[in-house]
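run_32.pdb (PDB, C-alpha atoms, pLDDT in the B column) appears below.
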```pdb
ATOM      1  CA  MET A1154       6.561  16.212  -0.581  1.00 95.00           C
ATOM      2  CA  GLU A1155       3.874  15.043  -2.975  1.00 96.00           C
ATOM      3  CA  MET A1156       3.787  11.340  -3.819  1.00 97.00           C
ATOM      4  CA  HIS A1157       4.374  11.692  -7.563  1.00 96.00           C
ATOM      5  CA  ARG A1158       7.483  13.826  -6.922  1.00 96.00           C
ATOM      6  CA  ARG A1159       8.791  11.330  -4.378  1.00 98.00           C
ATOM      7  CA  ILE A1160       8.349   8.485  -6.877  1.00 98.00           C
ATOM      8  CA  HIS A1161      10.374  10.457  -9.417  1.00 96.00           C
ATOM      9  CA  LEU A1162      13.168  10.974  -6.858  1.00 97.00           C
ATOM     10  CA  GLU A1163      13.156   7.320  -5.806  1.00 96.00           C
ATOM     11  CA  LEU A1164      13.677   6.194  -9.402  1.00 97.00           C
ATOM     12  CA  ARG A1165      17.237   7.603  -9.317  1.00 93.00           C
ATOM     13  CA  ASN A1166      17.720   7.432 -13.093  1.00 94.00           C
ATOM     14  CA  ARG A1167      16.197   3.943 -13.297  1.00 97.00           C
ATOM     15  CA  THR A1168      13.158   2.909 -15.251  1.00 98.00           C
ATOM     16  CA  PRO A1169      10.094   1.798 -13.276  1.00 98.00           C
ATOM     17  CA  SER A1170      10.658  -1.781 -14.459  1.00 98.00           C
ATOM     18  CA  ASP A1171      14.074  -1.787 -12.725  1.00 98.00           C
ATOM     19  CA  VAL A1172      12.602  -1.020  -9.288  1.00 98.00           C
ATOM     20  CA  ARG A1173      12.051  -3.927  -6.879  1.00 98.00           C
ATOM     21  CA  GLU A1174      11.458  -1.916  -3.679  1.00 98.00           C
ATOM     22  CA  LEU A1175       9.723   1.441  -3.373  1.00 98.00           C
ATOM     23  CA  VAL A1176       9.541   3.270  -0.061  1.00 98.00           C
ATOM     24  CA  LEU A1177       7.278   6.331  -0.133  1.00 98.00           C
ATOM     25  CA  ASP A1178       6.823   6.719   3.633  1.00 98.00           C
ATOM     26  CA  ASN A1179       5.828  10.135   4.965  1.00 98.00           C
ATOM     27  CA  CYS A1180       5.197  11.745   1.576  1.00 97.00           C
ATOM     28  CA  ARG A1181       1.782  13.274   0.864  1.00 97.00           C
ATOM     29  CA  ALA A1182      -1.098  11.484  -0.830  1.00 95.00           C
ATOM     30  CA  ASP A1183      -3.113  14.231  -2.540  1.00 92.00           C
ATOM     31  CA  GLU A1184      -6.836  13.813  -1.840  1.00 94.00           C
ATOM     32  CA  GLY A1185      -5.996  10.649   0.130  1.00 95.00           C
ATOM     33  CA  LYS A1186      -5.227   8.673  -3.028  1.00 95.00           C
ATOM     34  CA  ILE A1187      -2.183   7.018  -4.573  1.00 96.00           C
ATOM     35  CA  LYS A1188      -0.833   9.247  -7.331  1.00 95.00           C
ATOM     36  CA  GLY A1189       2.119   8.713  -9.656  1.00 96.00           C
ATOM     37  CA  LEU A1190       2.415   4.956  -9.171  1.00 98.00           C
ATOM     38  CA  THR A1191       1.734   3.088 -12.405  1.00 98.00           C
ATOM     39  CA  ALA A1192       1.599  -0.472 -13.709  1.00 98.00           C
ATOM     40  CA  ASP A1193       5.018   0.216 -15.281  1.00 98.00           C
ATOM     41  CA  PHE A1194       6.558  -0.970 -11.993  1.00 98.00           C
ATOM     42  CA  VAL A1195       6.259  -4.542 -13.253  1.00 98.00           C
ATOM     43  CA  ASN A1196       9.031  -5.977 -11.037  1.00 98.00           C
ATOM     44  CA  LEU A1197       8.051  -4.229  -7.808  1.00 98.00           C
ATOM     45  CA  GLU A1198       8.000  -6.686  -4.884  1.00 98.00           C
ATOM     46  CA  PHE A1199       7.881  -4.369  -1.860  1.00 98.00           C
ATOM     47  CA  LEU A1200       5.806  -1.189  -1.555  1.00 98.00           C
ATOM     48  CA  SER A1201       5.760   0.947   1.564  1.00 98.00           C
ATOM     49  CA  LEU A1202       3.178   3.715   1.959  1.00 98.00           C
ATOM     50  CA  ILE A1203       3.442   4.372   5.706  1.00 98.00           C
ATOM     51  CA  ASN A1204       1.953   7.617   7.020  1.00 98.00           C
ATOM     52  CA  VAL A1205       1.116   9.160   3.653  1.00 98.00           C
ATOM     53  CA  GLY A1206      -2.488  10.139   4.424  1.00 97.00           C
ATOM     54  CA  LEU A1207      -4.208   7.468   2.341  1.00 97.00           C
ATOM     55  CA  LEU A1208      -7.978   7.224   2.570  1.00 95.00           C
ATOM     56  CA  SER A1209      -8.272   4.611  -0.165  1.00 93.00           C
ATOM     57  CA  VAL A1210      -6.282   2.121  -2.227  1.00 95.00           C
ATOM     58  CA  SER A1211      -8.916   2.043  -4.967  1.00 93.00           C
ATOM     59  CA  ASN A1212      -6.644   3.541  -7.625  1.00 94.00           C
ATOM     60  CA  LEU A1213      -3.689   1.253  -6.891  1.00 97.00           C
ATOM     61  CA  PRO A1214      -2.417  -0.073 -10.234  1.00 97.00           C
ATOM     62  CA  LYS A1215      -2.135  -3.801 -10.858  1.00 98.00           C
ATOM     63  CA  LEU A1216       1.305  -4.814  -9.597  1.00 98.00           C
ATOM     64  CA  GLY A1217       1.549  -8.544 -10.113  1.00 97.00           C
ATOM     65  CA  LYS A1218       4.846  -9.133  -8.307  1.00 98.00           C
ATOM     66  CA  VAL A1219       4.216  -7.187  -5.089  1.00 97.00           C
ATOM     67  CA  LYS A1220       4.557  -9.532  -2.124  1.00 96.00           C
ATOM     68  CA  LYS A1221       4.762  -7.073   0.754  1.00 96.00           C
ATOM     69  CA  LEU A1222       2.603  -3.978   1.233  1.00 96.00           C
ATOM     70  CA  GLU A1223       3.011  -1.589   4.155  1.00 96.00           C
ATOM     71  CA  LEU A1224      -0.006   0.687   4.702  1.00 96.00           C
ATOM     72  CA  SER A1225       0.311   1.480   8.409  1.00 95.00           C
ATOM     73  CA  ASP A1226      -0.566   4.841   9.943  1.00 96.00           C
ATOM     74  CA  ASN A1227      -2.952   6.033   7.233  1.00 96.00           C
ATOM     75  CA  ARG A1228      -6.689   6.784   7.366  1.00 95.00           C
ATOM     76  CA  ILE A1229      -8.000   3.760   5.457  1.00 93.00           C
ATOM     77  CA  SER A1230     -11.348   2.560   6.775  1.00 89.00           C
ATOM     78  CA  SER A1231     -12.615   0.335   3.938  1.00 87.00           C
ATOM     79  CA  GLY A1232     -12.211  -0.501   0.261  1.00 87.00           C
ATOM     80  CA  LEU A1233      -9.532  -3.147   0.662  1.00 89.00           C
ATOM     81  CA  ASP A1234     -11.371  -5.562  -1.618  1.00 89.00           C
ATOM     82  CA  VAL A1235      -9.321  -4.327  -4.608  1.00 92.00           C
ATOM     83  CA  LEU A1236      -6.100  -5.746  -3.176  1.00 93.00           C
ATOM     84  CA  ALA A1237      -6.836  -9.330  -4.263  1.00 91.00           C
ATOM     85  CA  GLU A1238      -7.192  -8.208  -7.879  1.00 94.00           C
ATOM     86  CA  LYS A1239      -4.443  -5.579  -7.946  1.00 96.00           C
ATOM     87  CA  LEU A1240      -1.823  -7.507  -5.934  1.00 96.00           C
ATOM     88  CA  PRO A1241      -2.404 -11.214  -6.676  1.00 95.00           C
ATOM     89  CA  ASN A1242       0.924 -12.339  -5.119  1.00 95.00           C
ATOM     90  CA  LEU A1243       0.591 -10.412  -1.865  1.00 94.00           C
ATOM     91  CA  THR A1244       1.955 -12.383   1.111  1.00 91.00           C
ATOM     92  CA  HIS A1245       2.325  -9.658   3.762  1.00 93.00           C
ATOM     93  CA  LEU A1246      -0.027  -6.777   4.520  1.00 93.00           C
ATOM     94  CA  ASN A1247       0.416  -4.268   7.356  1.00 92.00           C
ATOM     95  CA  LEU A1248      -2.652  -2.145   8.139  1.00 91.00           C
ATOM     96  CA  SER A1249      -1.794  -1.111  11.697  1.00 91.00           C
ATOM     97  CA  GLY A1250      -2.794   2.371  12.763  1.00 91.00           C
ATOM     98  CA  ASN A1251      -5.618   2.738  10.228  1.00 90.00           C
ATOM     99  CA  LYS A1252      -9.311   3.372  10.849  1.00 86.00           C
ATOM    100  CA  LEU A1253     -10.643  -0.103  10.137  1.00 81.00           C
ATOM    101  CA  LYS A1254     -13.794  -0.616  12.137  1.00 71.00           C
ATOM    102  CA  ASP A1255     -14.538  -4.317  11.774  1.00 59.00           C
ATOM    103  CA  ILE A1256     -12.956  -7.547  10.649  1.00 54.00           C
ATOM    104  CA  SER A1257     -15.206  -7.858   7.594  1.00 55.00           C
ATOM    105  CA  THR A1258     -13.211  -5.008   6.039  1.00 49.00           C
ATOM    106  CA  THR A1259     -10.218  -7.332   5.778  1.00 53.00           C
ATOM    107  CA  GLN A1260     -11.900 -10.667   5.069  1.00 50.00           C
ATOM    108  CA  HIS A1261     -13.139 -12.588   2.070  1.00 42.00           C
ATOM    109  CA  SER A1262     -11.724 -11.459  -1.278  1.00 43.00           C
ATOM    110  CA  THR A1263      -9.189  -8.999   0.143  1.00 47.00           C
ATOM    111  CA  VAL A1264      -6.272 -11.372   0.634  1.00 51.00           C
ATOM    112  CA  SER A1265      -5.709 -15.087   0.804  1.00 52.00           C
ATOM    113  CA  LEU A1266      -5.844 -16.792   4.169  1.00 44.00           C
ATOM    114  CA  SER A1267      -2.088 -17.408   3.992  1.00 56.00           C
ATOM    115  CA  THR A1268      -1.358 -13.673   4.025  1.00 58.00           C
ATOM    116  CA  PRO A1269      -0.048 -12.410   7.371  1.00 65.00           C
ATOM    117  CA  LEU A1270      -2.342  -9.543   8.279  1.00 63.00           C
ATOM    118  CA  TYR A1271      -1.295  -6.915  10.798  1.00 58.00           C
ATOM    119  CA  VAL A1272      -4.105  -4.558  11.768  1.00 54.00           C
ATOM    120  CA  PHE A1273      -3.536  -3.422  15.338  1.00 52.00           C
ATOM    121  CA  PRO A1274      -3.964  -0.981  16.831  1.00 52.00           C
ATOM    122  CA  CYS A1275      -6.898   0.187  14.738  1.00 52.00           C
ATOM    123  CA  GLU A1276      -9.766   2.365  15.845  1.00 55.00           C
ATOM    124  CA  ASN A1277     -12.590   0.280  17.385  1.00 48.00           C
ATOM    125  CA  PHE A1278     -10.665  -2.959  16.924  1.00 47.00           C
ATOM    126  CA  GLY A1279      -9.811  -3.416  20.587  1.00 45.00           C
ATOM    127  CA  THR A1280      -6.700  -5.548  20.759  1.00 41.00           C
ATOM    128  CA  GLY A1281      -6.683  -6.521  17.094  1.00 43.00           C
ATOM    129  CA  ILE A1282      -6.996  -9.883  15.409  1.00 41.00           C
TER     130      ILE A1282
END
```
Kindly return the structure encoded in the file as structure tokens.
Amino acid sequence: MEMHRRIHLELRNRTPSDVRELVLDNCRADEGKIKGLTADFVNLEFLSLINVGLLSVSNLPKLGKVKKLELSDNRISSGLDVLAEKLPNLTHLNLSGNKLKDISTTQHSTVSLSTPLYVFPCENFGTGI
């Protein structure tokens, strides 16, 4: 199922501003990008995008209340620098099973040092961080 259709189903007659948790696991990310998720989800605190075929999070909307982001089992290899700007309150990030090749992909402006970061097993990461 395509991501934008899954988002519509998950709303269940609610407005985006009423949604606090959104689980989109195993749906399909067209062209490897997030589609259908908008900044209208102003109260979203938990977003799960496990195994959706993501290549990038570059078009993630700004979601100021998201604290937990699950991105495991995708094909993300870089471009995580947008997370600090788009998800300023992020406290938990799971990147396990992606194609991250070195630690610099996840350092610096990506997330604060207090954010638990789960990245193993990732291609070429050995045993992880």
Residues matched by the PyMOL selection byres ((chain A and resi 1204-1214) around 7) as a PyMOL selection string: chain A and resi 1178-1182+1185-1187+1191-1192+1202-1203+1215-1216+1225-1229+1232-1233+1235+1239
Keeping only C-alpha atoms, write the selected residues as a PDB file, in the frame of the given file.
```pdb
ATOM      1  CA  ASP A1178       6.823   6.719   3.633  1.00 98.00           C
ATOM      2  CA  ASN A1179       5.828  10.135   4.965  1.00 98.00           C
ATOM      3  CA  CYS A1180       5.197  11.745   1.576  1.00 97.00           C
ATOM      4  CA  ARG A1181       1.782  13.274   0.864  1.00 97.00           C
ATOM      5  CA  ALA A1182      -1.098  11.484  -0.830  1.00 95.00           C
ATOM      6  CA  GLY A1185      -5.996  10.649   0.130  1.00 95.00           C
ATOM      7  CA  LYS A1186      -5.227   8.673  -3.028  1.00 95.00           C
ATOM      8  CA  ILE A1187      -2.183   7.018  -4.573  1.00 96.00           C
ATOM      9  CA  THR A1191       1.734   3.088 -12.405  1.00 98.00           C
ATOM     10  CA  ALA A1192       1.599  -0.472 -13.709  1.00 98.00           C
ATOM     11  CA  LEU A1202       3.178   3.715   1.959  1.00 98.00           C
ATOM     12  CA  ILE A1203       3.442   4.372   5.706  1.00 98.00           C
ATOM     13  CA  LYS A1215      -2.135  -3.801 -10.858  1.00 98.00           C
ATOM     14  CA  LEU A1216       1.305  -4.814  -9.597  1.00 98.00           C
ATOM     15  CA  SER A1225       0.311   1.480   8.409  1.00 95.00           C
ATOM     16  CA  ASP A1226      -0.566   4.841   9.943  1.00 96.00           C
ATOM     17  CA  ASN A1227      -2.952   6.033   7.233  1.00 96.00           C
ATOM     18  CA  ARG A1228      -6.689   6.784   7.366  1.00 95.00           C
ATOM     19  CA  ILE A1229      -8.000   3.760   5.457  1.00 93.00           C
ATOM     20  CA  GLY A1232     -12.211  -0.501   0.261  1.00 87.00           C
ATOM     21  CA  LEU A1233      -9.532  -3.147   0.662  1.00 89.00           C
ATOM     22  CA  VAL A1235      -9.321  -4.327  -4.608  1.00 92.00           C
ATOM     23  CA  LYS A1239      -4.443  -5.579  -7.946  1.00 96.00           C
TER      24      LYS A1239
END
```
Distance in Å - CA of Val1195 (chain A) versus CA of Ser1249 (chain A):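 So the answer is 26.4 Å.
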Report as JSON, numbers by chain the full result of the PyMOL selection byres ((chain A and resi 1166-1168) around 12) when it is applied to this structure. {"A": [1160, 1161, 1162, 1163, 1164, 1165, 1169, 1170, 1171, 1172, 1173, 1191, 1193, 1194, 1195, 1196, 1197]}
Provide an axis-aligned box for all listed atoms of region 1156-1171 of chain A, padding each side by 3 Å; report its centre and its edge lengths in Å to one decimal, as JSON.
```
{"center_x": 10.8, "center_y": 6.0, "center_z": -9.5, "size_x": 19.9, "size_y": 21.6, "size_z": 17.4}
```
Mind giving me the straight-line distance from CA of Ser1231 (chain A) to CA of Lys1218 (chain A) in Å, one decimal?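 Interatomic distance here is 23.3 Å.
Note on the selection: in this file the PyMOL selection byres ((chain A and resi 1248) around 7) comes out as Glu1223, Leu1224, Ser1225, Leu1246, Asn1247, Ser1249, Gly1250, Asn1251, Tyr1271 and Val1272 of chain A.
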CA of Glu1184 (chain A) to CA of Leu1236 (chain A): how many Å, to one decimal?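 CA of Glu1184 (chain A) sits 19.6 Å away from CA of Leu1236 (chain A).
The protein and nucleic acid residues lying at most 7 Å from Ser1230 (chain A) are Asn1251, Lys1252, Leu1253 and Lys1254 of chain A, with all atoms listed in the file considered and sequence neighbours fewer than 3 positions away removed.
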